[in-house]
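Content type compact mmCIF, C-alpha atoms, from the file protein_16.txt:
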```txt
# COMPACT_ATOMS: atom_id res chain seq x y z
CA MET I 571 -18.51 39.03 71.32
CA LYS I 572 -19.92 40.77 68.27
CA SER I 573 -18.30 40.64 64.85
CA GLU I 574 -15.74 43.28 63.97
CA SER I 575 -14.49 44.11 60.51
CA ASN I 576 -10.84 43.90 61.63
CA PRO I 577 -10.70 42.25 65.05
CA ARG I 578 -7.39 42.17 66.87
CA LEU I 579 -6.08 38.64 66.61
CA PRO I 580 -5.53 36.38 68.33
CA LEU I 581 -8.18 37.07 70.93
CA ASP I 582 -7.01 36.58 74.51
CA VAL I 583 -9.41 34.36 76.45
CA ALA I 584 -9.24 33.89 80.22
CA VAL I 585 -10.86 30.71 81.52
CA LEU I 586 -11.68 30.82 85.23
CA VAL I 587 -12.09 27.28 86.56
CA LEU I 588 -13.61 26.51 89.95
CA ASP I 589 -13.07 23.43 92.06
CA GLU I 590 -15.31 20.44 91.24
CA SER I 591 -16.18 21.81 87.83
CA ASN I 592 -17.75 19.30 85.49
CA THR I 593 -15.08 17.95 83.14
CA LEU I 594 -17.44 18.12 80.17
CA SER I 595 -18.27 21.76 80.94
CA PHE I 596 -14.55 22.56 81.05
CA ALA I 597 -14.03 20.89 77.66
CA ALA I 598 -17.12 22.64 76.24
CA ALA I 599 -15.58 26.00 77.07
CA VAL I 600 -12.17 25.33 75.55
CA ASP I 601 -12.35 22.75 72.78
CA PRO I 602 -14.57 24.79 70.42
CA LEU I 603 -11.86 27.47 70.51
CA ARG I 604 -9.22 24.91 69.56
CA ALA I 605 -11.41 23.52 66.78
CA ALA I 606 -12.13 27.04 65.48
CA ASN I 607 -8.40 27.75 65.28
CA ARG I 608 -7.86 24.56 63.32
CA ARG I 609 -10.78 25.10 60.96
CA ALA I 610 -9.80 28.72 60.35
CA GLY I 611 -6.24 27.71 59.58
CA ARG I 612 -4.88 30.40 61.90
CA THR I 613 -4.88 31.29 65.57
CA LEU I 614 -8.07 33.19 66.32
CA PHE I 615 -8.15 32.40 70.05
CA ARG I 616 -5.44 32.07 72.66
CA TRP I 617 -6.46 31.02 76.17
CA ARG I 618 -5.05 30.76 79.67
CA PHE I 619 -6.46 29.12 82.78
CA PHE I 620 -7.02 30.90 86.08
CA THR I 621 -8.32 29.75 89.45
CA PRO I 622 -10.06 31.79 92.16
CA LEU I 623 -7.06 32.08 94.50
CA GLY I 624 -4.16 30.73 92.44
CA THR I 625 -4.26 27.30 94.05
CA PRO I 626 -4.91 24.24 91.84
CA VAL I 627 -8.50 23.07 91.44
CA THR I 628 -9.72 19.58 90.58
CA LEU I 629 -12.36 18.72 88.00
CA THR I 630 -15.01 16.10 88.71
CA SER I 631 -12.89 13.54 86.82
CA GLY I 632 -9.94 14.13 89.16
CA LEU I 633 -8.04 16.15 86.54
CA PRO I 634 -6.10 19.00 88.23
CA ILE I 635 -6.12 22.48 86.69
CA SER I 636 -3.47 24.97 87.70
CA GLY I 637 -3.32 28.69 87.08
CA PRO I 638 -2.63 32.04 88.70
CA PRO I 639 -5.36 33.89 90.58
CA LEU I 640 -7.74 35.83 88.38
CA SER I 641 -6.74 39.00 90.24
CA ASP I 642 -3.32 38.78 88.53
CA LEU I 643 -4.87 39.28 85.07
CA ASP I 644 -4.84 42.86 83.74
CA ARG I 645 -7.07 42.50 80.68
CA THR I 646 -8.79 39.96 78.48
CA ASP I 647 -10.92 39.92 75.32
CA LEU I 648 -13.29 37.31 76.77
CA LEU I 649 -13.66 35.85 80.25
CA ILE I 650 -15.26 32.41 80.59
CA VAL I 651 -16.34 31.12 84.00
CA VAL I 652 -16.58 27.35 84.43
CA ALA I 653 -18.20 26.10 87.63
CA SER I 654 -20.51 23.29 88.74
CA PHE I 655 -20.87 22.45 92.40
CA ASP I 656 -21.20 24.95 95.25
CA PRO I 657 -20.16 28.11 93.36
CA ASP I 658 -21.56 30.26 96.20
CA ARG I 659 -18.87 28.96 98.56
CA GLN I 660 -16.15 29.53 95.97
CA SER I 661 -16.83 33.21 95.31
CA PRO I 662 -14.83 35.27 97.82
CA PRO I 663 -15.00 39.10 97.62
CA ARG I 664 -11.59 39.27 95.91
CA LEU I 665 -12.82 37.09 93.06
CA LEU I 666 -16.08 39.01 92.64
CA ALA I 667 -14.11 42.27 92.56
CA SER I 668 -11.97 40.89 89.71
CA LEU I 669 -15.08 39.94 87.76
CA ARG I 670 -16.51 43.44 88.23
CA ARG I 671 -13.24 44.98 87.08
CA PHE I 672 -13.28 43.08 83.79
CA ALA I 673 -16.93 43.96 83.22
CA ALA I 674 -16.17 47.64 83.88
CA ASN I 675 -13.42 47.46 81.27
CA GLY I 676 -15.89 46.15 78.71
CA ALA I 677 -14.77 42.52 78.51
CA PRO I 678 -17.54 40.13 77.40
CA LEU I 679 -18.36 37.55 80.07
CA ALA I 680 -19.50 33.97 79.48
CA ALA I 681 -20.40 31.33 82.05
CA LEU I 682 -21.21 27.62 81.88
CA ASP I 683 -23.16 25.26 84.13
CA GLY I 684 -22.89 26.80 87.63
CA GLY I 685 -20.77 29.70 86.37
CA PRO I 686 -23.71 32.10 85.95
CA TRP I 687 -24.09 32.03 89.75
CA LEU I 688 -20.77 33.87 90.13
CA LEU I 689 -21.69 36.52 87.59
CA ALA I 690 -25.06 36.97 89.29
CA LYS I 691 -23.51 37.24 92.75
CA ALA I 692 -21.16 39.92 91.43
CA GLY I 693 -24.18 41.86 90.11
CA LEU I 694 -23.02 41.43 86.53
CA LEU I 695 -26.23 39.86 85.22
CA ASP I 696 -28.60 42.49 86.64
CA GLY I 697 -30.83 43.70 83.84
CA HIS I 698 -29.73 40.85 81.58
CA ALA I 699 -31.43 37.66 80.48
CA ALA I 700 -29.57 34.58 81.68
CA THR I 701 -29.86 30.89 82.44
CA ILE I 702 -28.23 28.27 84.64
CA HIS I 703 -28.46 24.48 85.00
CA TRP I 704 -32.11 23.41 85.19
CA GLU I 705 -31.67 21.95 88.70
CA ASP I 706 -30.81 25.43 90.02
CA ILE I 707 -33.12 27.65 87.96
CA ASP I 708 -35.85 28.17 90.60
CA THR I 709 -33.34 28.94 93.34
CA PHE I 710 -31.39 31.22 90.99
CA ALA I 711 -34.52 33.16 89.98
CA ALA I 712 -35.57 33.65 93.61
CA ARG I 713 -32.09 34.70 94.75
CA PHE I 714 -31.50 37.17 91.89
CA PRO I 715 -34.81 38.86 90.99
CA GLU I 716 -33.02 41.61 89.00
CA ILE I 717 -32.11 38.99 86.37
CA GLU I 718 -34.50 37.83 83.66
CA THR I 719 -34.02 34.13 84.34
CA ARG I 720 -34.90 31.93 81.38
CA ARG I 721 -35.23 28.17 81.23
CA ASP I 722 -33.29 28.11 77.95
CA ARG I 723 -30.33 25.90 77.13
CA TYR I 724 -28.18 28.99 76.66
CA VAL I 725 -28.86 32.72 76.53
CA LEU I 726 -26.98 35.51 74.77
CA SER I 727 -27.44 39.02 76.18
CA PRO I 728 -25.33 42.09 75.30
CA GLY I 729 -21.87 41.42 76.66
CA ARG I 730 -23.02 38.28 78.45
CA ALA I 731 -23.49 34.61 77.56
CA THR I 732 -24.74 31.90 79.92
CA SER I 733 -25.42 28.20 79.45
CA GLY I 734 -27.19 25.57 81.50
CA GLY I 735 -24.67 22.76 81.22
CA ALA I 736 -21.93 21.11 79.19
CA VAL I 737 -23.61 20.35 75.86
CA PRO I 738 -25.51 23.66 75.81
CA GLY I 739 -22.12 25.20 76.58
CA ILE I 740 -20.78 23.89 73.27
CA ASP I 741 -23.74 25.46 71.48
CA MET I 742 -23.16 28.72 73.35
CA MET I 743 -19.49 28.77 72.33
CA LEU I 744 -20.44 28.05 68.70
CA ALA I 745 -22.90 30.96 68.86
CA LEU I 746 -20.12 33.25 70.15
CA ILE I 747 -17.80 32.06 67.37
CA SER I 748 -20.57 32.76 64.86
CA GLU I 749 -21.11 36.26 66.24
CA ARG I 750 -17.43 37.14 65.93
CA PHE I 751 -16.33 35.26 62.83
CA GLY I 752 -19.54 34.29 61.04
CA PRO I 753 -21.80 31.24 60.81
CA ALA I 754 -19.62 29.44 58.24
CA LEU I 755 -16.76 29.05 60.72
CA ALA I 756 -19.18 28.01 63.46
CA THR I 757 -20.58 25.32 61.16
CA ARG I 758 -17.11 24.02 60.31
CA THR I 759 -16.17 24.04 64.00
CA ALA I 760 -19.26 22.02 64.88
CA ALA I 761 -18.38 19.56 62.11
CA ALA I 762 -14.88 19.16 63.54
CA LEU I 763 -16.47 18.21 66.86
CA LEU I 764 -19.00 15.89 65.16
CA HIS I 765 -21.63 17.98 66.90
CA ASP I 766 -25.10 18.92 65.66
CA PRO I 767 -25.78 22.32 67.23
CA ALA I 768 -29.16 22.68 68.91
CA PRO I 769 -31.08 25.95 69.14
CA ALA I 770 -31.16 28.01 72.31
CA GLY I 771 -34.52 26.51 73.26
CA ARG I 772 -35.95 25.42 76.57
CA GLN I 773 -33.89 23.22 78.87
CA SER I 774 -35.18 19.76 79.61
CA PRO I 775 -33.83 16.89 81.71
CA ALA I 776 -34.53 14.74 78.62
CA PRO I 777 -32.40 16.28 75.84
CA ALA I 778 -34.11 16.94 72.53
CA ARG I 779 -32.62 15.88 69.22
CA GLN I 780 -31.26 18.54 66.95
CA SER I 781 -34.20 20.45 65.47
CA ALA I 782 -33.34 19.76 61.86
CA ARG I 783 -33.24 16.03 62.49
CA ARG I 784 -36.62 16.17 64.23
CA ASP I 785 -38.20 17.14 60.90
CA ARG I 786 -37.98 13.96 58.82
CA GLN I 787 -38.27 15.82 55.54
CA VAL I 788 -35.46 18.24 56.44
CA ALA I 789 -33.30 15.30 57.56
CA ARG I 790 -33.90 13.56 54.24
CA ALA I 791 -33.12 16.78 52.34
CA LEU I 792 -29.85 17.16 54.25
CA ASP I 793 -28.89 13.59 53.40
CA LEU I 794 -29.58 14.27 49.71
CA MET I 795 -27.54 17.46 49.79
CA GLU I 796 -24.60 15.78 51.52
CA ARG I 797 -24.61 13.00 48.91
CA HIS I 798 -24.70 15.51 46.05
CA ILE I 799 -21.92 17.96 46.82
CA GLU I 800 -20.07 17.38 43.53
CA ASP I 801 -23.26 17.39 41.43
CA PRO I 802 -25.66 19.70 43.30
CA LEU I 803 -29.35 19.07 42.82
CA PRO I 804 -31.71 21.95 42.03
CA ILE I 805 -33.82 22.74 45.07
CA SER I 806 -36.89 21.87 43.02
CA GLU I 807 -35.40 18.41 42.43
CA VAL I 808 -34.70 17.95 46.16
CA ALA I 809 -38.32 18.82 46.91
CA ALA I 810 -39.58 16.51 44.14
CA ARG I 811 -37.60 13.57 45.52
CA LEU I 812 -39.20 14.21 48.92
CA ARG I 813 -42.62 14.50 47.28
CA ILE I 814 -43.25 17.91 48.76
CA SER I 815 -43.47 21.36 47.16
CA PRO I 816 -40.45 23.71 47.04
CA ARG I 817 -42.45 26.15 49.19
CA SER I 818 -43.02 23.49 51.84
CA LEU I 819 -39.30 22.65 51.81
CA GLU I 820 -38.43 26.33 52.20
CA MET I 821 -40.77 26.69 55.18
CA ARG I 822 -39.39 23.58 56.86
CA PHE I 823 -35.78 24.76 56.49
CA ARG I 824 -36.67 28.20 57.81
CA ARG I 825 -38.32 26.66 60.84
CA ALA I 826 -35.58 24.09 61.56
CA LEU I 827 -32.39 25.91 60.53
CA ASP I 828 -33.39 29.57 60.06
CA GLN I 829 -31.96 29.32 56.54
CA SER I 830 -33.26 28.71 53.06
CA PRO I 831 -32.47 25.31 51.54
CA ARG I 832 -30.42 27.07 48.85
CA ASP I 833 -28.28 28.94 51.38
CA HIS I 834 -27.74 25.83 53.49
CA TYR I 835 -26.78 23.77 50.44
CA LEU I 836 -24.24 26.39 49.40
CA GLN I 837 -22.85 26.46 52.94
CA LEU I 838 -22.37 22.68 52.85
CA ARG I 839 -20.53 22.87 49.53
CA LEU I 840 -18.29 25.71 50.66
CA GLY I 841 -17.57 23.88 53.91
CA GLU I 842 -16.34 20.93 51.89
CA ALA I 843 -14.32 23.31 49.72
CA PHE I 844 -12.65 24.67 52.85
CA ARG I 845 -11.82 21.14 53.99
CA LEU I 846 -10.27 20.31 50.63
CA ALA I 847 -8.33 23.58 50.64
CA THR I 848 -6.86 22.92 54.09
CA ASP I 849 -6.52 19.12 54.13
CA THR I 850 -5.37 18.43 50.53
CA GLU I 851 -3.07 19.86 47.90
CA ASP I 852 -5.74 19.68 45.18
CA GLN I 853 -5.67 22.42 42.58
CA VAL I 854 -8.28 25.16 42.88
CA SER I 855 -9.95 23.98 39.68
CA ALA I 856 -10.27 20.48 41.13
CA ILE I 857 -11.77 21.82 44.37
CA ALA I 858 -14.27 23.88 42.36
CA ALA I 859 -15.32 20.82 40.36
CA ALA I 860 -15.53 18.62 43.48
CA THR I 861 -17.94 21.06 45.10
CA GLY I 862 -20.21 21.57 42.13
CA PHE I 863 -19.11 24.90 40.69
CA ALA I 864 -19.39 25.22 36.91
CA SER I 865 -16.59 27.77 36.66
CA GLN I 866 -13.49 28.56 38.64
CA SER I 867 -14.39 32.26 38.74
CA SER I 868 -17.82 31.65 40.33
CA PHE I 869 -16.18 29.30 42.84
CA ALA I 870 -13.51 31.90 43.68
CA ARG I 871 -16.16 34.57 44.37
CA ALA I 872 -18.26 32.26 46.52
CA PHE I 873 -15.23 30.98 48.47
CA ARG I 874 -13.97 34.49 49.19
CA ASN I 875 -17.43 35.67 50.26
CA ALA I 876 -17.77 32.72 52.65
CA HIS I 877 -14.23 32.55 54.04
CA GLY I 878 -12.85 36.05 53.58
CA GLN I 879 -9.90 35.01 51.44
CA SER I 880 -8.92 32.95 48.44
CA VAL I 881 -7.83 29.31 48.55
CA ARG I 882 -4.25 30.33 47.80
CA ALA I 883 -4.23 32.98 50.55
CA LEU I 884 -5.72 30.49 53.00
CA ARG I 885 -3.03 27.95 52.19
CA ARG I 886 -0.29 30.51 52.76
CA THR I 887 -1.51 30.97 56.35
CA ARG I 888 -1.74 27.28 57.20
CA PRO I 889 0.37 26.26 60.23
```

This entry written out as structure tokens:
Amino acid sequence: MKSESNPRLPLDVAVLVLDESNTLSFAAAVDPLRAANRRAGRTLFRWRFFTPLGTPVTLTSGLPISGPPLSDLDRTDLLIVVASFDPDRQSPPRLLASLRRFAANGAPLAALDGGPWLLAKAGLLDGHAATIHWEDIDTFAARFPEIETRRDRYVLSPGRATSGGAVPGIDMMLALISERFGPALATRTAAALLHDPAPAGRQSPAPARQSARRDRQVARALDLMERHIEDPLPISEVAARLRISPRSLEMRFRRALDQSPRDHYLQLRLGEAFRLATDTEDQVSAIAAATGFASQSSFARAFRNAHGQSVRALRRTRP
């Protein structure tokens, strides 16, 4: 789901849901798309639900999901497979043929929890790196030796994305949103979900905390930055308050967030500017001042670079 300069919008997403799918995995596949639409202020994604044979399926919570059979779908911009228990039994030849047809037409394929099993059984992960829930990794690797099975939380491979469960599924969806529409929107989407994205590291039955929060100095720096949106601190001042050198702070941010402290600070400020632009009627000059920009012109350039349009243009597209 790579970025395009002028992608056709909205993107049509087909969500294939199998019986006994984990309710959290189902939500992880869909709700980031909803949050991205809201944070973008326009419809970037439009989705429909499908089932293997067109008969209703039931999530682990008892929630029924209805939809036509996947074979009825002609095309899609992204196909997401949500499955949990016994996906092998729920993959008849007709369903696997539909999956192969979409892959042949170039549609990106994503799968959560037990969903990678279906893609693997259809031969659509051969030659790719992929993952699946940690309980099934050894069986998966033995059954499908043509796949580079990784014990990661989620894996992105050209045209394919797989995750090992519900929460990694959220991170996978945020990564796909970032690929298509940029990291700023992915960050705002994560904020809407009150979610701290974790890196695509190794799966573990005991979930790790978000990498930035594992580094106490980075966590303290983030707290300082978030408290000083209106009056941004120089990075040297942030480092001084932590009693570390600016170089040490830079290295810690690169390791934890793959960003410089300066870039991350600017991203925080522009994220708040986006919120003010969409959630309030404040004047542009007031938004610039509230996010620490000395001039309206420098704010306008930064906002357009981050969000692809001006505040006024963004407000014209609000639902």

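For the pair CA of Leu695 (chain I) and CA of His765 (chain I), the separation is 28.9 Å.
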
*Pick from I:Leu665, I:Leu838, I:Ala673, I:Leu588 nearest to Leu629 (chain I), counting all atoms listed in the file*: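 Residue with the minimum atom-to-atom distance to Leu629 (chain I): I:Leu588.
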
Residues of region 792-851 of chain I at most 12 Å from region 866-870 of chain I: nearest atom pair and distance in Å, all atoms listed in the file, as JSON lines:
```
{"residue": "I:Leu836", "atom": "CA", "partner": "I:Phe869", "partner_atom": "CA", "distance": 10.8}
{"residue": "I:Arg839", "atom": "CA", "partner": "I:Phe869", "partner_atom": "CA", "distance": 10.2}
{"residue": "I:Leu840", "atom": "CA", "partner": "I:Phe869", "partner_atom": "CA", "distance": 8.9}
{"residue": "I:Ala843", "atom": "CA", "partner": "I:Phe869", "partner_atom": "CA", "distance": 9.3}
{"residue": "I:Phe844", "atom": "CA", "partner": "I:Phe869", "partner_atom": "CA", "distance": 11.6}
```

*Can you tell me how far CA of Ala736 (chain I) sits from CA of Asp589 (chain I), in Å to one decimal?*
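Rounded to one decimal, the two atoms are 15.8 Å apart.
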
*Of the candidates I:Phe672, I:Tyr835, I:Phe615, I:Tyr724, which shows the shortest atom-to-atom distance to Val808 (chain I), using all atoms listed in the file?*
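Looking only at the distances to Val808 (chain I), the closest residue turns out to be I:Tyr835.
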
*Which one of I:Trp704, I:Phe620, I:Phe751, I:Trp687 sits closest to Ser641 (chain I) if you count only C-alpha atoms?*
I:Phe620

*asked:* Need the shell around Glu718 (chain I): protein/DNA/RNA residues with any atom at most 8 Å away, counting all atoms listed in the file. Skip same-chain ones fewer than 6 positions apart. Format as a list in words?
replied: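 Those residues are Gly697, His698, Ala699, Ala700 and Ala711 of chain I.
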